[in-house]
Every structure is written in structure tokens, then in C-alpha cells.
file my_file_23.csv (CSV, C-alpha atoms)
chain,number,residue,atom,x,y,z
A,283,MET,CA,-28.2,11.3,-8.2
A,284,ILE,CA,-27.0,13.3,-5.2
A,285,THR,CA,-23.9,11.8,-3.7
A,286,GLY,CA,-22.7,14.5,-1.3
A,287,ASN,CA,-19.3,14.8,0.3
A,288,VAL,CA,-17.4,12.1,2.1
A,289,VAL,CA,-16.3,13.5,5.5
A,290,HIS,CA,-13.3,11.7,7.1
A,291,VAL,CA,-13.5,10.8,10.8
A,292,GLY,CA,-10.1,10.1,12.2
A,293,MET,CA,-9.1,8.1,15.2
A,294,ALA,CA,-10.3,9.6,18.5
A,295,ASP,CA,-12.5,12.0,16.5
A,296,LEU,CA,-16.3,12.4,15.9
A,297,LYS,CA,-18.3,14.3,13.3
A,298,VAL,CA,-21.9,15.0,12.4
A,299,VAL,CA,-23.3,15.6,8.8
A,300,HIS,CA,-26.6,16.2,7.1
A,301,CYS,CA,-28.0,14.5,4.0
A,302,PRO,CA,-26.5,13.8,1.5
A,303,ASP,CA,-23.0,13.8,3.0
A,304,ARG,CA,-21.4,10.6,4.2
A,305,LEU,CA,-19.0,9.8,7.1
A,306,ARG,CA,-16.0,7.5,6.7
A,307,SER,CA,-13.4,5.9,9.0
A,308,VAL,CA,-10.6,3.9,7.6
A,309,GLY,CA,-8.7,1.0,9.2
A,310,LEU,CA,-10.6,0.3,12.4
A,311,GLY,CA,-8.8,-2.4,14.2
A,312,SER,CA,-9.7,-2.7,17.8
A,313,CYS,CA,-11.2,0.8,17.6
A,314,VAL,CA,-15.0,1.0,17.3
A,315,GLY,CA,-17.1,3.1,14.9
A,316,ILE,CA,-20.3,4.2,16.6
A,317,ALA,CA,-22.8,5.4,14.0
A,318,LEU,CA,-25.9,7.3,14.9
A,319,TRP,CA,-28.7,8.3,12.5
A,320,ASP,CA,-32.1,10.1,12.7
A,321,PRO,CA,-34.3,8.7,9.9
A,322,VAL,CA,-36.6,11.8,9.9
A,323,THR,CA,-34.1,14.7,9.7
A,324,LYS,CA,-31.4,12.5,8.1
A,325,VAL,CA,-28.7,13.7,10.4
A,326,ALA,CA,-25.8,11.2,10.7
A,327,GLY,CA,-23.0,11.1,13.3
A,328,LEU,CA,-19.9,8.9,13.6
A,329,ALA,CA,-17.5,8.5,16.5
A,330,HIS,CA,-14.2,6.6,16.1
A,331,VAL,CA,-13.3,5.5,19.6
A,332,MET,CA,-10.0,3.9,20.8
A,333,LEU,CA,-10.5,3.0,24.4
A,334,PRO,CA,-13.5,2.0,26.6
A,335,SER,CA,-13.4,4.4,29.5
A,336,SER,CA,-12.4,8.0,30.0
A,337,GLU,CA,-11.8,7.5,33.8
A,338,GLY,CA,-8.6,9.2,34.8
A,339,PHE,CA,-8.0,11.0,31.5
A,340,PRO,CA,-8.3,14.7,30.7
A,341,ARG,CA,-11.7,16.0,29.6
A,342,GLU,CA,-10.3,17.4,26.3
A,343,GLN,CA,-10.0,13.9,24.9
A,344,ARG,CA,-13.7,13.1,24.9
A,345,ALA,CA,-13.9,11.6,21.5
A,346,LYS,CA,-11.2,9.0,22.3
A,347,PHE,CA,-13.3,7.0,24.8
A,348,ALA,CA,-16.5,5.1,24.2
A,349,ASP,CA,-18.3,6.5,27.3
A,350,THR,CA,-17.6,10.2,26.7
A,351,ALA,CA,-17.7,10.0,22.9
A,352,VAL,CA,-21.3,8.7,22.9
A,353,ASP,CA,-22.4,11.5,25.2
A,354,TRP,CA,-20.7,14.1,23.0
A,355,LEU,CA,-22.0,12.6,19.8
A,356,VAL,CA,-25.6,12.5,21.1
A,357,GLU,CA,-25.3,16.1,22.2
A,358,MET,CA,-24.0,17.2,18.8
A,359,MET,CA,-26.7,15.2,17.0
A,360,LEU,CA,-29.4,17.0,19.1
A,361,GLU,CA,-27.9,20.4,18.2
A,362,HIS,CA,-28.2,19.3,14.6
A,363,ARG,CA,-32.0,18.8,14.6
A,364,ALA,CA,-31.9,15.1,15.5
A,365,ARG,CA,-34.3,13.8,18.2
A,366,LYS,CA,-33.1,11.4,20.9
A,367,GLU,CA,-36.2,9.1,20.7
A,368,ARG,CA,-35.6,8.6,16.9
A,369,LEU,CA,-31.9,7.9,17.1
A,370,GLN,CA,-30.7,4.5,16.0
A,371,ALA,CA,-27.2,3.1,16.3
A,372,LYS,CA,-24.9,0.8,14.4
A,373,LEU,CA,-21.5,-0.5,15.6
A,374,ALA,CA,-18.6,-1.8,13.6
A,375,GLY,CA,-15.0,-2.7,14.6
A,376,GLY,CA,-13.7,-3.9,18.0
A,377,ALA,CA,-11.5,-6.6,16.5
A,378,GLN,CA,-8.6,-8.4,18.1
A,379,MET,CA,-6.0,-7.9,15.5
A,380,PHE,CA,-3.4,-10.1,17.1
A,381,THR,CA,-4.6,-13.5,18.3
A,382,PHE,CA,-1.8,-15.6,19.7
A,383,ALA,CA,-0.2,-13.0,21.9
A,384,GLY,CA,-0.6,-14.4,25.4
A,385,LYS,CA,-2.0,-12.2,28.2
A,386,ASN,CA,-1.3,-8.8,26.9
A,387,ASP,CA,-4.4,-6.8,27.9
A,388,LEU,CA,-3.8,-4.1,25.2
A,389,LEU,CA,-4.6,-6.8,22.6
A,390,LYS,CA,-8.0,-7.5,24.1
A,391,ILE,CA,-9.2,-3.9,23.9
A,392,GLY,CA,-11.5,-4.5,20.9
A,393,PRO,CA,-14.1,-6.5,22.8
A,394,ARG,CA,-13.9,-4.1,25.7
A,395,ASN,CA,-14.5,-1.2,23.4
A,396,VAL,CA,-17.6,-2.9,22.0
A,397,GLU,CA,-19.0,-3.6,25.5
A,398,ALA,CA,-18.4,0.0,26.6
A,399,SER,CA,-20.0,1.4,23.4
A,400,ARG,CA,-23.1,-0.8,24.0
A,401,ARG,CA,-23.3,0.4,27.6
A,402,ALA,CA,-23.0,4.0,26.7
A,403,LEU,CA,-25.8,3.7,24.1
A,404,ALA,CA,-28.0,1.9,26.6
A,405,LYS,CA,-27.6,4.8,29.0
A,406,TRP,CA,-29.3,7.0,26.4
A,407,SER,CA,-31.8,4.2,25.5
A,408,ILE,CA,-30.6,4.3,21.9
A,409,PRO,CA,-31.3,1.0,20.1
A,410,ILE,CA,-28.4,-0.8,18.3
A,411,VAL,CA,-30.1,-1.9,15.0
A,412,ALA,CA,-27.1,-3.5,13.4
A,413,GLU,CA,-23.5,-4.4,14.2
A,414,ASP,CA,-20.5,-6.0,12.7
A,415,VAL,CA,-18.1,-6.3,15.6
A,416,GLY,CA,-15.3,-8.5,17.0
A,417,GLY,CA,-13.4,-11.0,15.0
A,418,THR,CA,-9.8,-10.6,14.0
A,419,THR,CA,-10.0,-8.3,11.0
A,420,GLY,CA,-9.7,-4.6,10.3
A,421,ARG,CA,-12.6,-2.6,8.9
A,422,THR,CA,-13.2,0.5,6.8
A,423,ILE,CA,-16.7,1.9,7.2
A,424,GLU,CA,-18.9,4.5,5.6
A,425,LEU,CA,-22.2,5.8,6.9
A,426,SER,CA,-24.9,7.2,4.7
A,427,SER,CA,-26.9,10.1,6.0
A,428,GLU,CA,-29.5,9.4,3.2
A,429,ASP,CA,-30.6,6.0,4.5
A,430,GLY,CA,-28.5,5.2,7.6
A,431,SER,CA,-26.8,2.3,5.9
A,432,LEU,CA,-23.3,1.4,7.1
A,433,TRP,CA,-20.9,0.0,4.5
A,434,VAL,CA,-18.2,-2.2,6.0
A,435,ARG,CA,-15.2,-3.3,4.0
A,436,THR,CA,-12.6,-5.9,5.2
A,437,VAL,CA,-9.4,-7.1,3.6
A,438,ARG,CA,-10.6,-10.8,3.7
A,439,GLY,CA,-14.3,-10.7,3.4
A,440,GLY,CA,-15.0,-8.0,0.9
A,441,SER,CA,-17.8,-5.5,1.6
A,442,ILE,CA,-21.1,-5.7,3.4
A,443,VAL,CA,-23.9,-3.2,4.1
A,444,ILE,CA,-25.5,-3.3,7.5
B,197,MET,CA,6.2,13.7,27.4
B,198,VAL,CA,9.4,15.6,27.5
B,199,ARG,CA,10.1,18.3,24.9
B,200,LEU,CA,12.5,17.0,22.3
B,201,ASP,CA,15.4,19.2,21.1
B,202,ASP,CA,17.9,18.3,18.3
B,203,ARG,CA,20.2,16.4,20.6
B,204,HIS,CA,17.3,14.2,21.8
B,205,LEU,CA,16.1,13.6,18.2
B,206,ASP,CA,19.7,12.6,17.2
B,207,ALA,CA,19.9,10.1,20.0
B,208,LEU,CA,16.5,8.6,19.2
B,209,ARG,CA,17.5,8.4,15.5
B,210,GLU,CA,20.6,6.5,16.6
B,211,VAL,CA,18.4,4.0,18.4
B,212,GLY,CA,16.4,3.5,15.1
B,213,ASN,CA,19.7,3.3,13.2
B,214,ILE,CA,21.4,0.7,15.3
B,215,GLY,CA,18.3,-1.4,15.9
B,216,ALA,CA,17.4,-1.6,12.2
B,217,ALA,CA,21.1,-2.1,11.2
B,218,HIS,CA,21.2,-5.2,13.4
B,219,ALA,CA,17.9,-6.4,12.0
B,220,ALA,CA,19.0,-5.7,8.5
B,221,THR,CA,22.1,-7.9,9.0
B,222,SER,CA,19.7,-10.8,10.0
B,223,LEU,CA,17.5,-10.1,7.0
B,224,ALA,CA,20.5,-10.1,4.7
B,225,ALA,CA,21.6,-13.5,6.1
B,226,LEU,CA,18.1,-14.9,5.8
B,227,LEU,CA,17.6,-13.9,2.2
B,228,GLN,CA,21.2,-13.9,1.0
B,229,ARG,CA,20.8,-10.4,-0.4
B,230,GLN,CA,22.2,-7.0,0.3
B,231,VAL,CA,20.0,-4.9,2.5
B,232,ARG,CA,20.1,-1.1,2.8
B,233,ILE,CA,18.5,0.9,5.6
B,234,THR,CA,17.2,4.4,5.4
B,235,VAL,CA,18.1,7.3,7.6
B,236,PRO,CA,15.7,6.9,10.6
B,237,THR,CA,13.0,9.6,11.1
B,238,VAL,CA,11.8,10.5,14.6
B,239,GLN,CA,8.4,12.2,14.5
B,240,LEU,CA,5.5,13.0,16.7
B,241,LEU,CA,2.7,11.8,14.4
B,242,SER,CA,-1.0,12.2,14.7
B,243,PHE,CA,-2.8,8.8,14.9
B,244,ASP,CA,-4.2,9.3,11.4
B,245,HIS,CA,-0.7,9.8,9.8
B,246,VAL,CA,1.2,6.9,11.5
B,247,ALA,CA,0.3,4.5,8.6
B,248,ASP,CA,1.6,6.9,6.0
B,249,ALA,CA,5.1,5.8,6.8
B,250,VAL,CA,4.4,2.3,5.5
B,251,GLY,CA,2.3,3.2,2.5
B,252,GLY,CA,-1.2,4.2,3.7
B,253,ALA,CA,-4.0,3.5,6.2
B,254,GLU,CA,-5.7,0.9,4.0
B,255,ASP,CA,-2.7,-0.7,2.4
B,256,VAL,CA,-2.5,-4.4,3.2
B,257,VAL,CA,0.6,-5.3,5.2
B,258,VAL,CA,2.0,-8.2,7.2
B,259,GLY,CA,2.7,-6.8,10.7
B,260,THR,CA,4.8,-8.4,13.4
B,261,TYR,CA,4.1,-6.8,16.8
B,262,PHE,CA,6.1,-6.9,20.0
B,263,ARG,CA,5.0,-5.4,23.3
B,264,ILE,CA,8.2,-4.2,25.0
B,265,GLY,CA,8.5,-4.3,28.8
B,266,GLY,CA,11.4,-3.5,31.1
B,267,ASP,CA,13.1,-0.1,31.5
B,268,PHE,CA,11.5,1.4,28.4
B,269,PRO,CA,7.9,0.1,27.8
B,270,GLY,CA,6.7,0.5,24.3
B,271,ASN,CA,5.8,-1.2,21.0
B,272,LEU,CA,7.9,-2.5,18.1
B,273,PHE,CA,6.4,-3.3,14.7
B,274,PHE,CA,8.0,-4.9,11.7
B,275,ILE,CA,5.8,-4.1,8.7
B,276,LEU,CA,6.1,-5.8,5.4
B,277,PRO,CA,3.8,-4.5,2.6
B,278,ALA,CA,1.8,-7.3,1.0
B,279,GLU,CA,3.7,-7.2,-2.3
B,280,SER,CA,7.0,-7.4,-0.6
B,281,ALA,CA,5.8,-10.2,1.6
B,282,ARG,CA,4.9,-12.3,-1.4
B,283,THR,CA,8.4,-11.6,-2.9
B,284,VAL,CA,10.0,-12.6,0.4
B,285,LEU,CA,8.0,-15.9,0.4
B,286,HIS,CA,9.2,-16.4,-3.2
B,287,ALA,CA,12.8,-15.7,-2.3
B,288,MET,CA,12.6,-18.2,0.6
B,289,TRP,CA,10.8,-21.0,-1.2
B,290,GLY,CA,11.2,-20.4,-4.9
B,291,ASP,CA,8.4,-21.4,-7.3
B,292,GLY,CA,6.2,-23.9,-5.7
B,293,PRO,CA,2.7,-24.8,-4.5
B,294,PHE,CA,3.1,-22.5,-1.4
B,295,VAL,CA,3.8,-19.4,-3.4
B,296,GLU,CA,1.3,-19.8,-6.3
B,297,GLY,CA,-1.5,-17.3,-5.6
B,298,ALA,CA,0.5,-16.4,-2.5
B,299,ASP,CA,-2.3,-16.4,0.1
B,300,LEU,CA,-0.6,-14.4,2.9
B,301,GLN,CA,-3.3,-15.6,5.3
B,302,SER,CA,-2.4,-19.2,4.9
B,303,ASP,CA,-1.0,-20.8,8.1
B,304,LEU,CA,2.2,-21.6,6.3
B,305,ALA,CA,2.8,-18.1,5.0
B,306,LEU,CA,1.8,-16.5,8.3
B,307,SER,CA,4.1,-18.9,10.2
B,308,ALA,CA,7.1,-18.2,7.9
B,309,LEU,CA,6.6,-14.4,7.9
B,310,GLY,CA,5.9,-14.4,11.6
B,311,GLU,CA,9.1,-16.3,12.3
B,312,MET,CA,11.0,-13.9,10.0
B,313,GLY,CA,9.5,-10.9,11.9
B,314,ASN,CA,10.4,-12.5,15.1
B,315,ILE,CA,14.1,-12.9,14.2
B,316,LEU,CA,14.3,-9.3,12.9
B,317,THR,CA,12.5,-7.6,15.8
B,318,SER,CA,14.5,-9.7,18.3
B,319,SER,CA,17.7,-8.4,16.6
B,320,TYR,CA,16.4,-4.9,16.9
B,321,LEU,CA,15.6,-5.3,20.6
B,322,VAL,CA,18.8,-6.9,21.5
B,323,SER,CA,20.7,-4.0,20.1
B,324,LEU,CA,18.3,-1.6,21.9
B,325,SER,CA,19.2,-3.3,25.1
B,326,GLU,CA,23.0,-3.3,24.4
B,327,PHE,CA,23.0,0.3,23.2
B,328,THR,CA,21.1,1.7,26.2
B,329,GLY,CA,22.4,-0.7,28.8
B,330,GLY,CA,18.8,-1.0,29.9
B,331,ARG,CA,16.6,-4.0,30.6
B,332,VAL,CA,14.4,-4.8,27.6
B,333,GLU,CA,11.8,-7.5,28.1
B,334,THR,CA,9.8,-8.9,25.2
B,335,SER,CA,6.6,-10.7,24.8
B,336,VAL,CA,5.8,-13.4,22.3
B,337,PRO,CA,5.5,-11.7,19.0
B,338,ALA,CA,2.2,-11.6,17.2
B,339,VAL,CA,1.6,-11.5,13.5
B,340,ALA,CA,-1.3,-10.3,11.4
B,341,VAL,CA,-2.1,-9.5,7.8
B,342,ASP,CA,-4.5,-6.6,7.5
B,343,MET,CA,-4.9,-2.9,6.8
B,344,ALA,CA,-1.8,-1.0,8.1
B,345,GLN,CA,-3.9,1.4,10.2
B,346,ALA,CA,-5.7,-1.4,11.9
B,347,ILE,CA,-2.5,-3.2,12.8
B,348,LEU,CA,-0.6,-0.1,14.0
B,349,GLN,CA,-3.5,1.0,16.2
B,350,VAL,CA,-2.2,-1.5,18.8
B,351,GLY,CA,0.7,0.8,19.4
B,352,MET,CA,-1.4,3.9,20.0
B,353,PHE,CA,-3.4,2.9,23.1
B,354,THR,CA,-0.7,4.1,25.5
B,355,ALA,CA,-0.2,7.4,23.6
B,356,GLU,CA,-1.2,10.7,25.1
B,357,ALA,CA,-3.9,12.8,23.4
B,358,ASP,CA,-4.0,12.2,19.7
B,359,SER,CA,-0.4,11.6,18.5
B,360,CYS,CA,2.5,9.3,19.2
B,361,LEU,CA,6.3,9.4,18.9
B,362,ILE,CA,7.5,7.1,16.1
B,363,ILE,CA,11.0,6.1,15.4
B,364,HIS,CA,10.8,4.8,11.8
B,365,THR,CA,13.5,3.1,9.8
B,366,GLY,CA,12.9,1.6,6.4
B,367,ALA,CA,14.9,-1.3,4.9
B,368,HIS,CA,15.2,-2.0,1.2
B,369,ILE,CA,16.5,-4.9,-0.8
B,370,GLU,CA,17.0,-3.4,-4.2
B,371,GLU,CA,17.7,-6.6,-6.0
B,372,LEU,CA,14.2,-7.9,-5.1
B,373,ASP,CA,12.5,-4.6,-4.7
B,374,ILE,CA,11.4,-5.5,-1.2
B,375,TRP,CA,10.6,-2.7,1.2
B,376,CYS,CA,10.0,-3.2,4.9
B,377,HIS,CA,9.7,-1.0,8.0
B,378,PHE,CA,10.7,-0.9,11.6
B,379,LEU,CA,8.5,1.3,13.8
B,380,LEU,CA,9.5,1.8,17.4
B,381,VAL,CA,6.8,3.4,19.4
B,382,PRO,CA,7.9,4.1,23.0
B,383,ASP,CA,5.2,4.8,25.6
B,384,PRO,CA,5.2,8.5,26.5
B,385,GLU,CA,6.6,7.8,30.0
B,386,SER,CA,9.5,5.8,28.5
B,387,VAL,CA,10.9,8.7,26.5
B,388,ALA,CA,12.7,10.4,29.4
B,389,PRO,CA,14.3,7.2,30.8
B,390,LEU,CA,15.3,6.2,27.3
B,391,LEU,CA,17.0,9.6,26.7
B,392,GLY,CA,18.6,9.3,30.1
B,393,ALA,CA,20.1,5.9,29.2
B,394,LEU,CA,21.4,7.5,26.0
B,395,GLY,CA,23.1,10.2,28.0
B,396,VAL,CA,21.1,13.2,26.7
B,397,ASN,CA,18.8,13.8,29.6
B,398,GLY,CA,17.8,17.3,30.7
B,399,SER,CA,18.8,20.4,28.7
call {"tool": "encode", "arguments": {"input": "my_file_23.csv", "output": "C-alpha cells"}}
result
Amino acid sequence: MITGNVVHVGMADLKVVHCPDRLRSVGLGSCVGIALWDPVTKVAGLAHVMLPSSEGFPREQRAKFADTAVDWLVEMMLEHRARKERLQAKLAGGAQMFTFAGKNDLLKIGPRNVEASRRALAKWSIPIVAEDVGGTTGRTIELSSEDGSLWVRTVRGGSIVI
Amino acid sequence: MVRLDDRHLDALREVGNIGAAHAATSLAALLQRQVRITVPTVQLLSFDHVADAVGGAEDVVVGTYFRIGGDFPGNLFFILPAESARTVLHAMWGDGPFVEGADLQSDLALSALGEMGNILTSSYLVSLSEFTGGRVETSVPAVAVDMAQAILQVGMFTAEADSCLIIHTGAHIEELDIWCHFLLVPDPESVAPLLGALGVNGS
């Protein structure tokens, strides 16, 4: 069995790999993991975004924001033999880690990250084929470039594959 | 963010020292045990390394979180690793139905640990206010049990680029082998006023 390497994608970072490598992000709270996959060339990409919009921030931090991260990730995928019309997306994360904290907007950033990720993908007409988002729990995710499956582990609910 | 020299770092370490010392006094009173605190560290840590201070990104912890307002906006976390949290519950309640199996997610456990976190972080913030002479406003604290990285992320949204300044102090109850952590994460724009209030502004 070919297992490949596991490549870590840190917060505010994004990476692209070829089969059989895998991409992993640990401890997503309100952050969102945006996974892209081309089923023909088996190129996989993962962005670990922290905030919804890059408006008003320097351009160097493109991977930190849902809007600019999706653009950058798609561009990188295309450079790595992926085709835009074949790309499919999966989303995980966007939780609200602290629930009874009044009206602090910072705590509601998870759902906003999910919305912004969906909007950014819609702009490229990339379908979201599966997602495990929202809730109040942190997630560790791993994306397979072999079959595009996204493994999601939580502290409370064990592991699922979407 | 301002460039930090040794004098600045010393002043920020003193914030971590005094804050955690006050909180440790509360903790000692709560558990009737002697509590030692570590020498605080002040570091600019990349997002992916913040959780290392409390064990690791995926380690399960109980986190109490305060958003701080006033003169020095920022974030304060009280982090209790899962094993230590169970020991704390045991120390407070003894052997009993609440502690067997020690489900940290139960309403009772969360409420007890959240209240404890509230008392300790409030002590920390009162001393921050007294030490700096500044206005420190606090929110209602929130508590969660989850992966350390997922919990600490809440303190990173206001950071610049990909790292944040962390004032970390550990506390240890040797008798019970309990470790816990205070992490003060000032917003980048709070660092200069904080240093000013501590009398080490400029160079």
C-alpha cells in the first residue's frame, strides 16, 4: 500500500500535494479548512483560514483570509495540473468554541468564516461536495489526494470521513 | 507592534508574575494546597506553536477565556489540561458520583471548572489593573473543553501576520500533580500603552 507523506498545513497557511501525499491541519476551532481536489490528476490542496475577509489587510497575508485564500489555492492547484472545471471542495471547521459569552463578535467568527468560504468557492463555481462545519467543537482534518476523502476527528464525536 | 528590548520583556514578565501570583493565591485557598508558579515567559510565537506552552495542539484542555477591554484590549486564558482538571474535580468533591468517569463535558463539571477559572482569571486581571493603574474591563468568561489549539485560536484573531505575543505563566500543585497555565495575549496595539503604563515606554 502506498501511503505517502503527511504534509502539515498550519494556521493561515495553504499547501498543495500530489498523490499519494496527504494534507493535515490540527485543532481547527473557528478556523475553516478548505479542501480542494481534482479527481483526475489527484492533486489536493488545503487552506487553513482564520478570518472571513482580507479587506483592509496587507496582501502578504493571503492565506489567512477565506476570500484571498481560495483565490490563491485555486491558482496553485491550476499550476499543479488541476483543472478548474473538475475541482471539488469540502469544508470543515468554523465552530463557535465558546457558547455563552454574550455579544463578543470575535466568538462568532466561525460561522462567518464558513459563509465567506462558501462565497469564495461560488465565485469560482467550485461545488462543495461535503462539509462538516459549525457546532461547538474543534476538529483535526486530513485530506487524501488518493480519493479526495476528508477525515475529520473531534474530541467528543470520534472520527468521520466525508 | 513595538520592538521589544530586555527592559520591555522584563516589565511584561512582571505582569505575568504578579497576575499569576494573585491567581495562585486564590487557587491555593480554593484547593487548600500549596501552589508554585513558574518564571513567566514572554514570547512572540507563531500561531502553530502557541499551544506548545500548554502541552500540544491536540491535547484536550479545559479553557476559560476572557476578552479584556479598557486601556489594554487583549485576551486572557486559564488552561487546565484534562488530567489536571479531573484531579481538581476530585480535590473539590472527593470520591463521588460526579467524579467517577469524570466527564469534563458534563454541565456540573463545566460549571465548577468555569467558576474556578473565573475566580482565578479575575484575580489575575485585578492585579493587572492595580499594577498598571489602567482601566481593565472584563467580559463574562466563557469555558470550553476541547483541543488546546482550537481553544487558543480565539486569542489569535486580533494578531498581526502569523504570530502573537504570549505572556505565559505556569502554576503547579506538586502535592496533586496539577499543572495549569495563564496566557495573557495582548492585542498588538495594546503593547505600547501597556509598556507606557509600566514606565518603560520608548528607548
call {"tool": "closest_residue", "arguments": {"input": "my_file_23.csv", "among": "B:Gln345, B:Thr221, B:Thr260, B:Ser302", "to": "chain A", "atoms": "only C-alpha atoms"}}
result
B:Gln345
call {"tool": "interface_residues", "arguments": {"input": "my_file_23.csv", "of": "chain B", "to": "chain A", "cutoff": "9 Å", "atoms": "only C-alpha atoms", "output": "PyMOL selection string"}}
result
chain B and resi 243-244+253-254+256+261-263+301+335-354+357-358
call {"tool": "residues_near_point", "arguments": {"input": "my_file_23.csv", "point": "(-25.9, 12.8, -1.3)", "cutoff": "10 Å", "atoms": "only C-alpha atoms", "output": "PyMOL selection string"}}
result
chain A and resi 283-288+300-304+426-428
call {"tool": "atom_distance", "arguments": {"input": "my_file_23.csv", "atom1": "atom CA of Asp414 of chain A", "atom2": "atom CA of Pro334 of chain A"}}
result
17.5 Å
call {"tool": "residues_around", "arguments": {"input": "my_file_23.csv", "residues": "Val231 of chain B", "least_positions_apart": "5", "cutoff": "12 Å", "atoms": "all atoms listed in the file", "output": "list of chain:residue names"}}
result
B:Ala216, B:Ala217, B:His218, B:Ala219, B:Ala220, B:Thr221, B:Ser222, B:Leu223, B:Ala224, B:Ala225, B:Leu226, B:Gly366, B:Ala367, B:His368, B:Ile369, B:Glu370, B:Glu371, B:Leu372, B:Asp373, B:Ile374, B:Trp375, B:Cys376
call {"tool": "atom_distance", "arguments": {"input": "my_file_23.csv", "atom1": "atom CA of Ser307 of chain B", "atom2": "atom CA of Asn213 of chain B"}}
result
27.3 Å
call {"tool": "atom_distance", "arguments": {"input": "my_file_23.csv", "atom1": "atom CA of Thr317 of chain B", "atom2": "atom CA of Gly215 of chain B"}}
result
8.5 Å
call {"tool": "closest_residue", "arguments": {"input": "my_file_23.csv", "among": "B:Ile264, B:Leu272, B:Leu361, B:Leu227", "to": "Ala287 of chain B", "atoms": "all atoms listed in the file"}}
result
B:Leu227
call {"tool": "residues_around", "arguments": {"input": "my_file_23.csv", "residues": "Lys297 of chain A", "least_positions_apart": "6", "cutoff": "12 Å", "atoms": "only C-alpha atoms", "output": "compact mmCIF listing (two decimals) with C-alpha atoms, in the coordinates of the input"}}
result
# COMPACT_ATOMS: atom_id res chain seq x y z
CA VAL A 288 -17.40 12.10 2.10
CA VAL A 289 -16.30 13.50 5.50
CA HIS A 290 -13.30 11.70 7.10
CA VAL A 291 -13.50 10.80 10.80
CA ASP A 303 -23.00 13.80 3.00
CA ARG A 304 -21.40 10.60 4.20
CA LEU A 305 -19.00 9.80 7.10
CA ARG A 306 -16.00 7.50 6.70
CA SER A 307 -13.40 5.90 9.00
CA GLY A 315 -17.10 3.10 14.90
CA ILE A 316 -20.30 4.20 16.60
CA ALA A 317 -22.80 5.40 14.00
CA LEU A 318 -25.90 7.30 14.90
CA VAL A 325 -28.70 13.70 10.40
CA ALA A 326 -25.80 11.20 10.70
CA GLY A 327 -23.00 11.10 13.30
CA LEU A 328 -19.90 8.90 13.60
CA ALA A 329 -17.50 8.50 16.50
CA HIS A 330 -14.20 6.60 16.10
CA VAL A 331 -13.30 5.50 19.60
CA ALA A 345 -13.90 11.60 21.50
CA ALA A 351 -17.70 10.00 22.90
CA VAL A 352 -21.30 8.70 22.90
CA TRP A 354 -20.70 14.10 23.00
CA LEU A 355 -22.00 12.60 19.80
CA VAL A 356 -25.60 12.50 21.10
CA GLU A 357 -25.30 16.10 22.20
CA MET A 358 -24.00 17.20 18.80
CA MET A 359 -26.70 15.20 17.00
CA HIS A 362 -28.20 19.30 14.60
CA LEU A 425 -22.20 5.80 6.90
call {"tool": "residues_around", "arguments": {"input": "my_file_23.csv", "residues": "Arg203 of chain B", "least_positions_apart": "6", "cutoff": "12 Å", "atoms": "only C-alpha atoms", "output": "JSON, numbers by chain"}}
result
{"B": [209, 210, 238, 391, 392, 394, 395, 396, 397, 398, 399]}
call {"tool": "residues_near_point", "arguments": {"input": "my_file_23.csv", "point": "(-26.9, 1.8, 27.0)", "cutoff": "12 Å", "atoms": "only C-alpha atoms", "output": "MDAnalysis selection string"}}
result
chainID A and resid 348:349 352:353 370:371 396:410
call {"tool": "closest_residue", "arguments": {"input": "my_file_23.csv", "among": "A:Trp319, A:Trp433, A:Gly338, A:Ile423", "to": "Val411 of chain A", "atoms": "all atoms listed in the file"}}
result
A:Trp319
